[in-house]
Amino acid sequence: MQRERLESDYILPQDAPEALLIGRVWSNAAGGPCPVILRAGVVHDLTSVSPTVSGLFEIEELAEHLASHQDLPALGTLDQFLSGEAGRLLAPIDLQAVKAAGVTFADSMLERVIEEQAKGDAGRAQAIREKLAPVLGDSLRGLVAGSEQAAKVKALLQDMGLWSQYLEVGIGPDAEIFTKAQPMSSVTCGDVIGIHPISQWNNPEPEIVLAVRSDGKIIGATLGNDVNLRDVEGRSALLLGKAKDNNASCSVGPFIRLFHGGFTIDVLRKVRVSLLVRGEDGFEMTGESPMEAISRAPENLVSQLRNRNHQYPDGAVLFLGTMFAPVKDRRGAGLGFTHEVGDRVEISTPTLGRLVNWVDRTDACPEWTFGTRALFENLARRGLLGRG
């Protein structure tokens with residue numbers, strides 16, 4: 001598998017000098033994971049402020065608080081971590097719950113219905129797509145989930161016999177919110193991502209990921225790849241866990257950008273998330289997801305995630321869903337897209353940077369061994385428990 005060395009300028013936001021970027025690294029010098037802030041290309045250790053990203057994000061007025069800490073220890077440059085000289089980049093989260101919202105864009109909503117109708121068989125998808133797209137596509141585009149108009153479209157589609165469980169969560173009052181991965185299990189920029197070997201029809205899902213504090217406040221955002229097994233979920237929606245939560249199947253990063261200065265939630269609503277897949281077989285595919293096409297506001301999705309009925313005391317990150325469900329044929333006419341081992345997957349937007357990964361089988365990716373217990377054992381050895 002060919003994997004080029006990534007450079008810091010390539011993966012950072014275009015306006016990185018103005019961005020407040022929070023990350024996490026494994027530091028060789030510190031002997032473990034450290035929350036960090038990136039300043040002028042240098043990775044600064046935040047463990048004196050909080051030994052976990054989860055605890056860091058609970059600090060009120062975090063941007064102002066960090067501005068008062070200008071003498072933080074330097075662990076090395078970002079390029080030294082990308083090369084492995086100083087350590088390695090980790091997903092910029094630790095104890096937070098990793099959640100995802102599904103079926104939040106009309107195009108991917110249609111593809112979920114097609115998966116359901118095809119029972120996970122990629123060979124049947126094109127014929128079903130040609131039948132359903134003219135009817136469902138026009139009905140769903142621009143529809144606001146939970147609205148009065150959505151209720152009318154639901155009644156119409158039910159009368160036509162076209163209603164689906166995916167349409168229910170896509171345009172009905174209740175969003176689909178599911179657990180994407182366990183805390184501490186996410187990979188990040190530069191890592192391999194995993195496709196379960198049983199899957200023959202799968203795809204990347206480029207998404208915006210929100211950082212949510214325990215009280216429900218949205219404090220920033222990053223990029224994510226909600227790797228998906230279309231054939232597995234298409235066989236039965238009850239197999240969602242098997243389709244979504246696998247070894248190295250969740251990628252987040254490279255940094256969480258805090259809302260600060262000119263970067264606001266309103267700016268985030270207008271970003272366009274780009275996808276580029278390049279295979280070792282010469283295959284190439286591109287796509288784009290405009291956040292403005294989302295059917296539910298980010299705040300609405302967060303309110304359905306965290307409320308009086310469901311709390312996350314360590315905070316959460318929330319994937320907002322993808323518009324992009326690739327249909328470009330790869331293995332044969334009418335079979336659509338599926339990953340091959342060695343694919344290079346790049347998800348990007350100018351305000352958040354680039355998340356780059358390479359595809360391998362889940363049973364060939366490095367095993368996840370450093371969990372919550374290992375984190376606290378490491379922090380205890382380093383004398384960092386009780387600091388936040």
# chains A, B, ... in the order shown; residues from 1 in each chain; ligands from 1
>>> closest_atom_pairs(of="stretch 125-214 of chain A", to="stretch 272-280 of chain A", cutoff="12 Å", atoms="only C-alpha atoms", output="tab-separated table")
residue	atom	partner	partner_atom	distance
A:Asn203	CA	A:Val277	CA	10.0
A:Pro204	CA	A:Leu275	CA	8.7
A:Glu205	CA	A:Leu275	CA	8.7
A:Pro206	CA	A:Leu275	CA	6.5
A:Glu207	CA	A:Val273	CA	7.0
A:Ile208	CA	A:Val273	CA	7.6
A:Val209	CA	A:Val273	CA	11.3
>>> select_by_dssp(residues="stretch 10-147 of chain A", states="alpha helix (DSSP H)", output="mmCIF file with all heavy atoms, in the first residue's frame")
data_model
loop_
_atom_site.group_PDB
_atom_site.id
_atom_site.type_symbol
_atom_site.label_atom_id
_atom_site.label_comp_id
_atom_site.auth_asym_id
_atom_site.auth_seq_id
_atom_site.Cartn_x
_atom_site.Cartn_y
_atom_site.Cartn_z
ATOM 1 N N TYR A 10 -0.476 20.928 4.206
ATOM 2 C CA TYR A 10 -1.480 20.262 3.369
ATOM 3 C C TYR A 10 -2.746 19.927 4.153
ATOM 4 O O TYR A 10 -3.847 19.988 3.611
ATOM 5 C CB TYR A 10 -0.892 18.976 2.776
ATOM 6 C CG TYR A 10 -1.778 18.319 1.754
ATOM 7 C CD1 TYR A 10 -1.905 18.855 0.476
ATOM 8 C CD2 TYR A 10 -2.499 17.167 2.062
ATOM 9 C CE1 TYR A 10 -2.737 18.259 -0.460
ATOM 10 C CE2 TYR A 10 -3.328 16.570 1.133
ATOM 11 C CZ TYR A 10 -3.441 17.116 -0.134
ATOM 12 O OH TYR A 10 -4.263 16.526 -1.053
ATOM 13 N N ILE A 11 -2.613 19.585 5.425
ATOM 14 C CA ILE A 11 -3.782 19.122 6.173
ATOM 15 C C ILE A 11 -4.456 20.212 7.001
ATOM 16 O O ILE A 11 -5.555 20.006 7.514
ATOM 17 C CB ILE A 11 -3.418 17.942 7.096
ATOM 18 C CG1 ILE A 11 -2.514 18.390 8.239
ATOM 19 C CG2 ILE A 11 -2.791 16.803 6.305
ATOM 20 C CD1 ILE A 11 -2.334 17.341 9.334
ATOM 21 N N VAL A 53 -9.021 15.851 26.571
ATOM 22 C CA VAL A 53 -9.752 16.794 25.715
ATOM 23 C C VAL A 53 -11.161 16.982 26.256
ATOM 24 O O VAL A 53 -11.715 18.087 26.238
ATOM 25 C CB VAL A 53 -9.787 16.294 24.258
ATOM 26 C CG1 VAL A 53 -10.600 17.241 23.387
ATOM 27 C CG2 VAL A 53 -8.381 16.149 23.708
ATOM 28 N N SER A 54 -11.751 15.897 26.758
ATOM 29 C CA SER A 54 -13.083 15.984 27.339
ATOM 30 C C SER A 54 -13.133 17.012 28.461
ATOM 31 O O SER A 54 -14.023 17.865 28.507
ATOM 32 C CB SER A 54 -13.502 14.605 27.874
ATOM 33 O OG SER A 54 -14.674 14.690 28.651
ATOM 34 N N GLY A 55 -12.176 16.962 29.372
ATOM 35 C CA GLY A 55 -12.136 17.927 30.466
ATOM 36 C C GLY A 55 -11.834 19.327 29.984
ATOM 37 O O GLY A 55 -12.387 20.316 30.486
ATOM 38 N N LEU A 56 -10.966 19.437 28.987
ATOM 39 C CA LEU A 56 -10.631 20.745 28.427
ATOM 40 C C LEU A 56 -11.870 21.445 27.901
ATOM 41 O O LEU A 56 -12.068 22.652 28.131
ATOM 42 C CB LEU A 56 -9.610 20.555 27.300
ATOM 43 C CG LEU A 56 -9.090 21.803 26.614
ATOM 44 C CD1 LEU A 56 -8.136 22.561 27.523
ATOM 45 C CD2 LEU A 56 -8.401 21.445 25.302
ATOM 46 N N LEU A 62 -13.578 28.944 26.851
ATOM 47 C CA LEU A 62 -12.333 28.216 26.617
ATOM 48 C C LEU A 62 -11.337 29.013 25.785
ATOM 49 O O LEU A 62 -10.136 29.009 26.079
ATOM 50 C CB LEU A 62 -12.647 26.872 25.927
ATOM 51 C CG LEU A 62 -11.447 25.984 25.594
ATOM 52 C CD1 LEU A 62 -10.621 25.678 26.828
ATOM 53 C CD2 LEU A 62 -11.905 24.702 24.918
ATOM 54 N N ALA A 63 -11.797 29.694 24.737
ATOM 55 C CA ALA A 63 -10.879 30.447 23.886
ATOM 56 C C ALA A 63 -10.127 31.498 24.695
ATOM 57 O O ALA A 63 -8.901 31.649 24.560
ATOM 58 C CB ALA A 63 -11.650 31.102 22.737
ATOM 59 N N GLU A 64 -10.844 32.207 25.532
ATOM 60 C CA GLU A 64 -10.214 33.237 26.358
ATOM 61 C C GLU A 64 -9.280 32.603 27.391
ATOM 62 O O GLU A 64 -8.203 33.138 27.697
ATOM 63 C CB GLU A 64 -11.279 34.086 27.065
ATOM 64 C CG GLU A 64 -12.075 34.997 26.134
ATOM 65 C CD GLU A 64 -13.080 34.237 25.270
ATOM 66 O OE1 GLU A 64 -13.366 33.059 25.566
ATOM 67 O OE2 GLU A 64 -13.587 34.835 24.300
ATOM 68 N N HIS A 65 -9.694 31.467 27.936
ATOM 69 C CA HIS A 65 -8.869 30.775 28.910
ATOM 70 C C HIS A 65 -7.543 30.343 28.290
ATOM 71 O O HIS A 65 -6.468 30.508 28.906
ATOM 72 C CB HIS A 65 -9.629 29.557 29.446
ATOM 73 C CG HIS A 65 -8.942 28.856 30.569
ATOM 74 N ND1 HIS A 65 -9.034 29.270 31.886
ATOM 75 C CD2 HIS A 65 -8.127 27.762 30.582
ATOM 76 C CE1 HIS A 65 -8.313 28.470 32.650
ATOM 77 N NE2 HIS A 65 -7.748 27.540 31.891
ATOM 78 N N LEU A 66 -7.603 29.812 27.073
ATOM 79 C CA LEU A 66 -6.380 29.368 26.403
ATOM 80 C C LEU A 66 -5.477 30.544 26.038
ATOM 81 O O LEU A 66 -4.247 30.421 26.045
ATOM 82 C CB LEU A 66 -6.732 28.565 25.149
ATOM 83 C CG LEU A 66 -7.415 27.214 25.410
ATOM 84 C CD1 LEU A 66 -7.836 26.571 24.101
ATOM 85 C CD2 LEU A 66 -6.490 26.281 26.188
ATOM 86 N N ALA A 67 -6.095 31.683 25.729
ATOM 87 C CA ALA A 67 -5.300 32.864 25.384
ATOM 88 C C ALA A 67 -4.429 33.318 26.560
ATOM 89 O O ALA A 67 -3.376 33.942 26.366
ATOM 90 C CB ALA A 67 -6.219 33.996 24.941
ATOM 91 N N LEU A 78 4.270 20.211 14.185
ATOM 92 C CA LEU A 78 3.287 19.288 13.634
ATOM 93 C C LEU A 78 3.944 18.357 12.623
ATOM 94 O O LEU A 78 3.637 17.156 12.578
ATOM 95 C CB LEU A 78 2.138 20.067 12.987
ATOM 96 C CG LEU A 78 1.057 19.219 12.306
ATOM 97 C CD1 LEU A 78 0.462 18.180 13.248
ATOM 98 C CD2 LEU A 78 -0.040 20.134 11.741
ATOM 99 N N ASP A 79 4.859 18.878 11.831
ATOM 100 C CA ASP A 79 5.551 18.027 10.852
ATOM 101 C C ASP A 79 6.349 16.915 11.536
ATOM 102 O O ASP A 79 6.471 15.808 10.992
ATOM 103 C CB ASP A 79 6.468 18.876 9.967
ATOM 104 C CG ASP A 79 5.695 19.613 8.887
ATOM 105 O OD1 ASP A 79 4.824 18.982 8.263
ATOM 106 O OD2 ASP A 79 5.950 20.819 8.682
ATOM 107 N N GLN A 80 6.886 17.180 12.727
ATOM 108 C CA GLN A 80 7.615 16.140 13.452
ATOM 109 C C GLN A 80 6.678 15.032 13.943
ATOM 110 O O GLN A 80 7.093 13.872 14.059
ATOM 111 C CB GLN A 80 8.380 16.760 14.629
ATOM 112 C CG GLN A 80 9.596 17.569 14.209
ATOM 113 C CD GLN A 80 10.258 18.270 15.374
ATOM 114 O OE1 GLN A 80 9.600 18.816 16.256
ATOM 115 N NE2 GLN A 80 11.595 18.255 15.388
ATOM 116 N N PHE A 81 5.436 15.389 14.201
ATOM 117 C CA PHE A 81 4.466 14.358 14.584
ATOM 118 C C PHE A 81 3.952 13.610 13.355
ATOM 119 O O PHE A 81 3.706 12.405 13.420
ATOM 120 C CB PHE A 81 3.306 14.979 15.372
ATOM 121 C CG PHE A 81 3.637 15.216 16.812
ATOM 122 C CD1 PHE A 81 4.112 16.451 17.237
ATOM 123 C CD2 PHE A 81 3.508 14.201 17.743
ATOM 124 C CE1 PHE A 81 4.440 16.670 18.563
ATOM 125 C CE2 PHE A 81 3.838 14.404 19.077
ATOM 126 C CZ PHE A 81 4.309 15.649 19.493
ATOM 127 N N LEU A 82 3.806 14.307 12.243
ATOM 128 C CA LEU A 82 3.363 13.638 11.020
ATOM 129 C C LEU A 82 4.429 12.684 10.489
ATOM 130 O O LEU A 82 4.114 11.671 9.862
ATOM 131 C CB LEU A 82 3.005 14.677 9.957
ATOM 132 C CG LEU A 82 1.754 15.513 10.243
ATOM 133 C CD1 LEU A 82 1.599 16.624 9.214
ATOM 134 C CD2 LEU A 82 0.508 14.646 10.266
ATOM 135 N N SER A 83 5.700 12.976 10.757
ATOM 136 C CA SER A 83 6.788 12.095 10.305
ATOM 137 C C SER A 83 7.066 10.968 11.284
ATOM 138 O O SER A 83 7.766 10.008 10.951
ATOM 139 C CB SER A 83 8.067 12.914 10.106
ATOM 140 O OG SER A 83 8.585 13.339 11.362
ATOM 141 N N ALA A 106 -30.978 14.788 1.304
ATOM 142 C CA ALA A 106 -31.931 14.148 0.399
ATOM 143 C C ALA A 106 -31.283 13.078 -0.478
ATOM 144 O O ALA A 106 -31.843 11.990 -0.658
ATOM 145 C CB ALA A 106 -32.615 15.206 -0.481
ATOM 146 N N ASP A 107 -30.107 13.365 -1.037
ATOM 147 C CA ASP A 107 -29.492 12.400 -1.944
ATOM 148 C C ASP A 107 -29.118 11.100 -1.233
ATOM 149 O O ASP A 107 -29.365 10.005 -1.741
ATOM 150 C CB ASP A 107 -28.254 13.012 -2.605
ATOM 151 C CG ASP A 107 -28.622 14.021 -3.683
ATOM 152 O OD1 ASP A 107 -29.816 14.304 -3.819
ATOM 153 O OD2 ASP A 107 -27.714 14.525 -4.367
ATOM 154 N N SER A 108 -28.515 11.206 -0.046
ATOM 155 C CA SER A 108 -28.153 9.993 0.677
ATOM 156 C C SER A 108 -29.393 9.299 1.226
ATOM 157 O O SER A 108 -29.417 8.073 1.393
ATOM 158 C CB SER A 108 -27.172 10.305 1.811
ATOM 159 O OG SER A 108 -27.717 11.229 2.723
ATOM 160 N N MET A 109 -30.456 10.084 1.497
ATOM 161 C CA MET A 109 -31.722 9.502 1.924
ATOM 162 C C MET A 109 -32.271 8.575 0.847
ATOM 163 O O MET A 109 -32.702 7.439 1.121
ATOM 164 C CB MET A 109 -32.720 10.634 2.211
ATOM 165 C CG MET A 109 -33.938 10.242 3.027
ATOM 166 S SD MET A 109 -35.117 11.629 3.180
ATOM 167 C CE MET A 109 -34.054 13.005 3.583
ATOM 168 N N LEU A 110 -32.231 9.046 -0.382
ATOM 169 C CA LEU A 110 -32.691 8.240 -1.510
ATOM 170 C C LEU A 110 -31.862 6.970 -1.633
ATOM 171 O O LEU A 110 -32.403 5.878 -1.862
ATOM 172 C CB LEU A 110 -32.612 9.068 -2.796
ATOM 173 C CG LEU A 110 -32.914 8.343 -4.105
ATOM 174 C CD1 LEU A 110 -34.324 7.781 -4.096
ATOM 175 C CD2 LEU A 110 -32.724 9.289 -5.290
ATOM 176 N N GLU A 111 -30.543 7.089 -1.475
ATOM 177 C CA GLU A 111 -29.682 5.911 -1.589
ATOM 178 C C GLU A 111 -29.942 4.898 -0.482
ATOM 179 O O GLU A 111 -29.817 3.690 -0.693
ATOM 180 C CB GLU A 111 -28.212 6.331 -1.595
ATOM 181 C CG GLU A 111 -27.767 6.981 -2.891
ATOM 182 C CD GLU A 111 -27.910 6.045 -4.085
ATOM 183 O OE1 GLU A 111 -27.486 4.874 -3.974
ATOM 184 O OE2 GLU A 111 -28.462 6.461 -5.106
ATOM 185 N N ARG A 112 -30.308 5.369 0.710
ATOM 186 C CA ARG A 112 -30.647 4.441 1.789
ATOM 187 C C ARG A 112 -31.912 3.651 1.439
ATOM 188 O O ARG A 112 -32.003 2.451 1.720
ATOM 189 C CB ARG A 112 -30.848 5.197 3.105
ATOM 190 C CG ARG A 112 -29.584 5.756 3.707
ATOM 191 C CD ARG A 112 -28.656 4.649 4.182
ATOM 192 N NE ARG A 112 -27.412 5.193 4.688
ATOM 193 C CZ ARG A 112 -26.309 5.364 3.980
ATOM 194 N NH1 ARG A 112 -26.289 5.015 2.701
ATOM 195 N NH2 ARG A 112 -25.227 5.860 4.514
ATOM 196 N N VAL A 113 -32.880 4.313 0.841
ATOM 197 C CA VAL A 113 -34.095 3.609 0.414
ATOM 198 C C VAL A 113 -33.748 2.573 -0.649
ATOM 199 O O VAL A 113 -34.271 1.451 -0.646
ATOM 200 C CB VAL A 113 -35.146 4.608 -0.116
ATOM 201 C CG1 VAL A 113 -36.391 3.870 -0.622
ATOM 202 C CG2 VAL A 113 -35.535 5.604 0.966
ATOM 203 N N ILE A 114 -32.834 2.937 -1.549
ATOM 204 C CA ILE A 114 -32.407 2.007 -2.598
ATOM 205 C C ILE A 114 -31.709 0.795 -1.982
ATOM 206 O O ILE A 114 -31.966 -0.352 -2.375
ATOM 207 C CB ILE A 114 -31.494 2.733 -3.608
ATOM 208 C CG1 ILE A 114 -32.310 3.737 -4.417
ATOM 209 C CG2 ILE A 114 -30.795 1.743 -4.534
ATOM 210 C CD1 ILE A 114 -31.487 4.722 -5.220
ATOM 211 N N GLU A 115 -30.832 1.022 -0.993
ATOM 212 C CA GLU A 115 -30.182 -0.091 -0.292
ATOM 213 C C GLU A 115 -31.213 -1.040 0.305
ATOM 214 O O GLU A 115 -31.097 -2.261 0.214
ATOM 215 C CB GLU A 115 -29.310 0.442 0.849
ATOM 216 C CG GLU A 115 -28.010 1.073 0.441
ATOM 217 C CD GLU A 115 -27.338 1.750 1.624
ATOM 218 O OE1 GLU A 115 -27.666 1.398 2.785
ATOM 219 O OE2 GLU A 115 -26.500 2.638 1.400
ATOM 220 N N GLU A 116 -32.226 -0.428 0.929
ATOM 221 C CA GLU A 116 -33.272 -1.209 1.577
ATOM 222 C C GLU A 116 -34.026 -2.055 0.548
ATOM 223 O O GLU A 116 -34.259 -3.251 0.746
ATOM 224 C CB GLU A 116 -34.227 -0.263 2.300
ATOM 225 C CG GLU A 116 -35.376 -0.933 3.024
ATOM 226 C CD GLU A 116 -36.295 0.103 3.637
ATOM 227 O OE1 GLU A 116 -36.590 1.113 2.959
ATOM 228 O OE2 GLU A 116 -36.720 -0.099 4.778
ATOM 229 N N GLN A 117 -34.389 -1.419 -0.571
ATOM 230 C CA GLN A 117 -35.128 -2.127 -1.620
ATOM 231 C C GLN A 117 -34.274 -3.222 -2.259
ATOM 232 O O GLN A 117 -34.773 -4.274 -2.638
ATOM 233 C CB GLN A 117 -35.591 -1.136 -2.693
ATOM 234 C CG GLN A 117 -36.605 -0.107 -2.219
ATOM 235 C CD GLN A 117 -38.008 -0.686 -2.127
ATOM 236 O OE1 GLN A 117 -38.394 -1.514 -2.931
ATOM 237 N NE2 GLN A 117 -38.755 -0.244 -1.121
ATOM 238 N N ALA A 118 -32.964 -2.966 -2.377
ATOM 239 C CA ALA A 118 -32.058 -3.928 -3.018
ATOM 240 C C ALA A 118 -31.628 -5.042 -2.077
ATOM 241 O O ALA A 118 -30.959 -5.989 -2.516
ATOM 242 C CB ALA A 118 -30.827 -3.204 -3.542
ATOM 243 N N ALA A 122 -25.754 -4.943 -4.570
ATOM 244 C CA ALA A 122 -25.350 -3.809 -5.411
ATOM 245 C C ALA A 122 -25.819 -3.974 -6.847
ATOM 246 O O ALA A 122 -26.083 -2.993 -7.546
ATOM 247 C CB ALA A 122 -23.828 -3.660 -5.377
ATOM 248 N N GLY A 123 -25.948 -5.200 -7.312
ATOM 249 C CA GLY A 123 -26.351 -5.450 -8.689
ATOM 250 C C GLY A 123 -27.778 -5.038 -9.000
ATOM 251 O O GLY A 123 -28.129 -4.819 -10.164
ATOM 252 N N ARG A 124 -28.613 -4.918 -7.974
ATOM 253 C CA ARG A 124 -30.012 -4.519 -8.173
ATOM 254 C C ARG A 124 -30.225 -3.022 -8.005
ATOM 255 O O ARG A 124 -31.295 -2.505 -8.300
ATOM 256 C CB ARG A 124 -30.918 -5.255 -7.178
ATOM 257 C CG ARG A 124 -30.895 -6.777 -7.303
ATOM 258 C CD ARG A 124 -31.772 -7.405 -6.216
ATOM 259 N NE ARG A 124 -33.139 -6.883 -6.281
ATOM 260 C CZ ARG A 124 -33.989 -6.890 -5.251
ATOM 261 N NH1 ARG A 124 -33.596 -7.334 -4.074
ATOM 262 N NH2 ARG A 124 -35.211 -6.407 -5.395
ATOM 263 N N ALA A 125 -29.205 -2.323 -7.507
ATOM 264 C CA ALA A 125 -29.389 -0.935 -7.097
ATOM 265 C C ALA A 125 -29.730 -0.009 -8.256
ATOM 266 O O ALA A 125 -30.595 0.869 -8.132
ATOM 267 C CB ALA A 125 -28.131 -0.430 -6.382
ATOM 268 N N GLN A 126 -29.066 -0.164 -9.415
ATOM 269 C CA GLN A 126 -29.265 0.772 -10.503
ATOM 270 C C GLN A 126 -30.699 0.731 -11.031
ATOM 271 O O GLN A 126 -31.305 1.776 -11.290
ATOM 272 C CB GLN A 126 -28.278 0.493 -11.641
ATOM 273 C CG GLN A 126 -28.340 1.511 -12.786
ATOM 274 C CD GLN A 126 -28.113 2.944 -12.322
ATOM 275 O OE1 GLN A 126 -27.335 3.196 -11.401
ATOM 276 N NE2 GLN A 126 -28.814 3.891 -12.935
ATOM 277 N N ALA A 127 -31.248 -0.453 -11.170
ATOM 278 C CA ALA A 127 -32.617 -0.564 -11.665
ATOM 279 C C ALA A 127 -33.598 0.084 -10.697
ATOM 280 O O ALA A 127 -34.546 0.768 -11.110
ATOM 281 C CB ALA A 127 -32.978 -2.029 -11.884
ATOM 282 N N ILE A 128 -33.366 -0.116 -9.408
ATOM 283 C CA ILE A 128 -34.241 0.492 -8.398
ATOM 284 C C ILE A 128 -34.057 2.000 -8.390
ATOM 285 O O ILE A 128 -35.019 2.765 -8.256
ATOM 286 C CB ILE A 128 -33.943 -0.115 -7.016
ATOM 287 C CG1 ILE A 128 -34.281 -1.613 -7.023
ATOM 288 C CG2 ILE A 128 -34.718 0.611 -5.919
ATOM 289 C CD1 ILE A 128 -33.794 -2.355 -5.799
ATOM 290 N N ARG A 129 -32.819 2.452 -8.561
ATOM 291 C CA ARG A 129 -32.530 3.888 -8.601
ATOM 292 C C ARG A 129 -33.283 4.554 -9.750
ATOM 293 O O ARG A 129 -33.875 5.631 -9.588
ATOM 294 C CB ARG A 129 -31.021 4.107 -8.746
ATOM 295 C CG ARG A 129 -30.566 5.556 -8.619
ATOM 296 C CD ARG A 129 -29.045 5.665 -8.684
ATOM 297 N NE ARG A 129 -28.417 5.021 -7.545
ATOM 298 C CZ ARG A 129 -27.675 3.932 -7.596
ATOM 299 N NH1 ARG A 129 -27.445 3.339 -8.776
ATOM 300 N NH2 ARG A 129 -27.147 3.404 -6.516
ATOM 301 N N GLU A 130 -33.281 3.940 -10.900
ATOM 302 C CA GLU A 130 -33.963 4.505 -12.072
ATOM 303 C C GLU A 130 -35.470 4.571 -11.857
ATOM 304 O O GLU A 130 -36.145 5.460 -12.380
ATOM 305 C CB GLU A 130 -33.639 3.674 -13.309
ATOM 306 C CG GLU A 130 -32.183 3.816 -13.759
ATOM 307 C CD GLU A 130 -31.812 2.847 -14.863
ATOM 308 O OE1 GLU A 130 -32.670 2.002 -15.224
ATOM 309 O OE2 GLU A 130 -30.665 2.916 -15.356
ATOM 310 N N LYS A 131 -35.991 3.662 -11.060
ATOM 311 C CA LYS A 131 -37.427 3.651 -10.782
ATOM 312 C C LYS A 131 -37.818 4.695 -9.738
ATOM 313 O O LYS A 131 -38.828 5.395 -9.885
ATOM 314 C CB LYS A 131 -37.836 2.258 -10.306
ATOM 315 C CG LYS A 131 -39.291 2.157 -9.862
ATOM 316 C CD LYS A 131 -39.573 0.770 -9.289
ATOM 317 C CE LYS A 131 -40.990 0.704 -8.713
ATOM 318 N NZ LYS A 131 -41.264 -0.621 -8.093
ATOM 319 N N LEU A 132 -37.008 4.794 -8.668
ATOM 320 C CA LEU A 132 -37.391 5.642 -7.543
ATOM 321 C C LEU A 132 -36.933 7.091 -7.655
ATOM 322 O O LEU A 132 -37.612 7.997 -7.171
ATOM 323 C CB LEU A 132 -36.832 5.057 -6.241
ATOM 324 C CG LEU A 132 -37.374 3.695 -5.797
ATOM 325 C CD1 LEU A 132 -36.762 3.324 -4.457
ATOM 326 C CD2 LEU A 132 -38.892 3.722 -5.689
ATOM 327 N N ASP A 138 -37.320 14.405 -6.455
ATOM 328 C CA ASP A 138 -37.972 15.713 -6.516
ATOM 329 C C ASP A 138 -38.781 15.998 -5.259
ATOM 330 O O ASP A 138 -38.897 17.145 -4.826
ATOM 331 C CB ASP A 138 -38.888 15.789 -7.749
ATOM 332 C CG ASP A 138 -38.097 15.799 -9.055
ATOM 333 O OD1 ASP A 138 -36.886 16.107 -9.008
ATOM 334 O OD2 ASP A 138 -38.683 15.478 -10.106
ATOM 335 N N SER A 139 -39.357 14.958 -4.651
ATOM 336 C CA SER A 139 -40.186 15.147 -3.465
ATOM 337 C C SER A 139 -39.364 15.542 -2.245
ATOM 338 O O SER A 139 -39.820 16.313 -1.398
ATOM 339 C CB SER A 139 -40.963 13.859 -3.146
ATOM 340 O OG SER A 139 -41.817 13.507 -4.205
ATOM 341 N N LEU A 140 -38.141 15.020 -2.147
ATOM 342 C CA LEU A 140 -37.357 15.178 -0.926
ATOM 343 C C LEU A 140 -36.436 16.379 -0.938
ATOM 344 O O LEU A 140 -36.097 16.911 0.110
ATOM 345 C CB LEU A 140 -36.517 13.919 -0.696
ATOM 346 C CG LEU A 140 -37.291 12.604 -0.549
ATOM 347 C CD1 LEU A 140 -36.328 11.448 -0.394
ATOM 348 C CD2 LEU A 140 -38.244 12.663 0.628
#
>>> closest_residue(among="A:Ala380, A:Met1, A:Ala97, A:Leu335", to="A:Gln311", atoms="only C-alpha atoms")
A:Ala97
>>> closest_atom_pairs(of="stretch 287-369 of chain A", to="stretch 244-253 of chain A", cutoff="9 Å", atoms="only C-alpha atoms", output="JSON lines")
{"residue": "A:Leu352", "atom": "CA", "partner": "A:Gly253", "partner_atom": "CA", "distance": 8.7}
{"residue": "A:Gly353", "atom": "CA", "partner": "A:Gly253", "partner_atom": "CA", "distance": 8.7}
{"residue": "A:Arg354", "atom": "CA", "partner": "A:Gly253", "partner_atom": "CA", "distance": 8.1}
{"residue": "A:Leu355", "atom": "CA", "partner": "A:Gly253", "partner_atom": "CA", "distance": 6.1}
{"residue": "A:Asn357", "atom": "CA", "partner": "A:Ser251", "partner_atom": "CA", "distance": 8.1}
{"residue": "A:Arg361", "atom": "CA", "partner": "A:Asn247", "partner_atom": "CA", "distance": 8.9}
{"residue": "A:Thr362", "atom": "CA", "partner": "A:Asn247", "partner_atom": "CA", "distance": 5.3}
{"residue": "A:Asp363", "atom": "CA", "partner": "A:Asn247", "partner_atom": "CA", "distance": 7.5}
{"residue": "A:Cys365", "atom": "CA", "partner": "A:Ala248", "partner_atom": "CA", "distance": 6.8}
{"residue": "A:Pro366", "atom": "CA", "partner": "A:Ala248", "partner_atom": "CA", "distance": 7.8}
{"residue": "A:Glu367", "atom": "CA", "partner": "A:Asn247", "partner_atom": "CA", "distance": 6.9}
{"residue": "A:Trp368", "atom": "CA", "partner": "A:Asn247", "partner_atom": "CA", "distance": 7.0}
>>> residues_around(residues="A:Arg296", least_positions_apart="3", cutoff="7 Å", atoms="only C-alpha atoms", output="PyMOL selection string")
chain A and resi 104+144-145+300-301
>>> write_last_selection(atoms="C-alpha atoms", output="PDB file, in the first residue's frame")
ATOM      1  CA  THR A 104     -29.879  14.079   6.918  1.00  0.00           C
ATOM      2  CA  VAL A 144     -37.346  20.529   5.975  1.00  0.00           C
ATOM      3  CA  ALA A 145     -37.551  17.516   8.281  1.00  0.00           C
ATOM      4  CA  ASN A 300     -31.772  20.578  16.179  1.00  0.00           C
ATOM      5  CA  LEU A 301     -29.674  17.440  15.819  1.00  0.00           C
TER       6      LEU A 301
END
>>> residues_around(residues="stretch 30-38 of chain A", least_positions_apart="3", cutoff="8 Å", atoms="only C-alpha atoms", output="PyMOL selection string")
chain A and resi 20-27+41-47+50-53+78+92+375+378-379
>>> atom_distance(atom1="atom CA of A:Thr351", atom2="atom CA of A:Ile171")
28.8 Å
>>> atom_distance(atom1="atom CA of A:Pro197", atom2="atom CA of A:Asp360")
9.3 Å
>>> closest_atom_pairs(of="stretch 176-212 of chain A", to="stretch 230-239 of chain A", cutoff="9 Å", atoms="only C-alpha atoms", output="Markdown table")
| residue | atom | partner | partner_atom | distance |
| --- | --- | --- | --- | --- |
| A:Ile198 | CA | A:Val232 | CA | 8.5 |
| A:Ser199 | CA | A:Asp231 | CA | 6.5 |
| A:Gln200 | CA | A:Asp231 | CA | 6.9 |
| A:Trp201 | CA | A:Asp231 | CA | 5.3 |
| A:Asn202 | CA | A:Arg230 | CA | 4.9 |
| A:Asn203 | CA | A:Arg230 | CA | 7.2 |
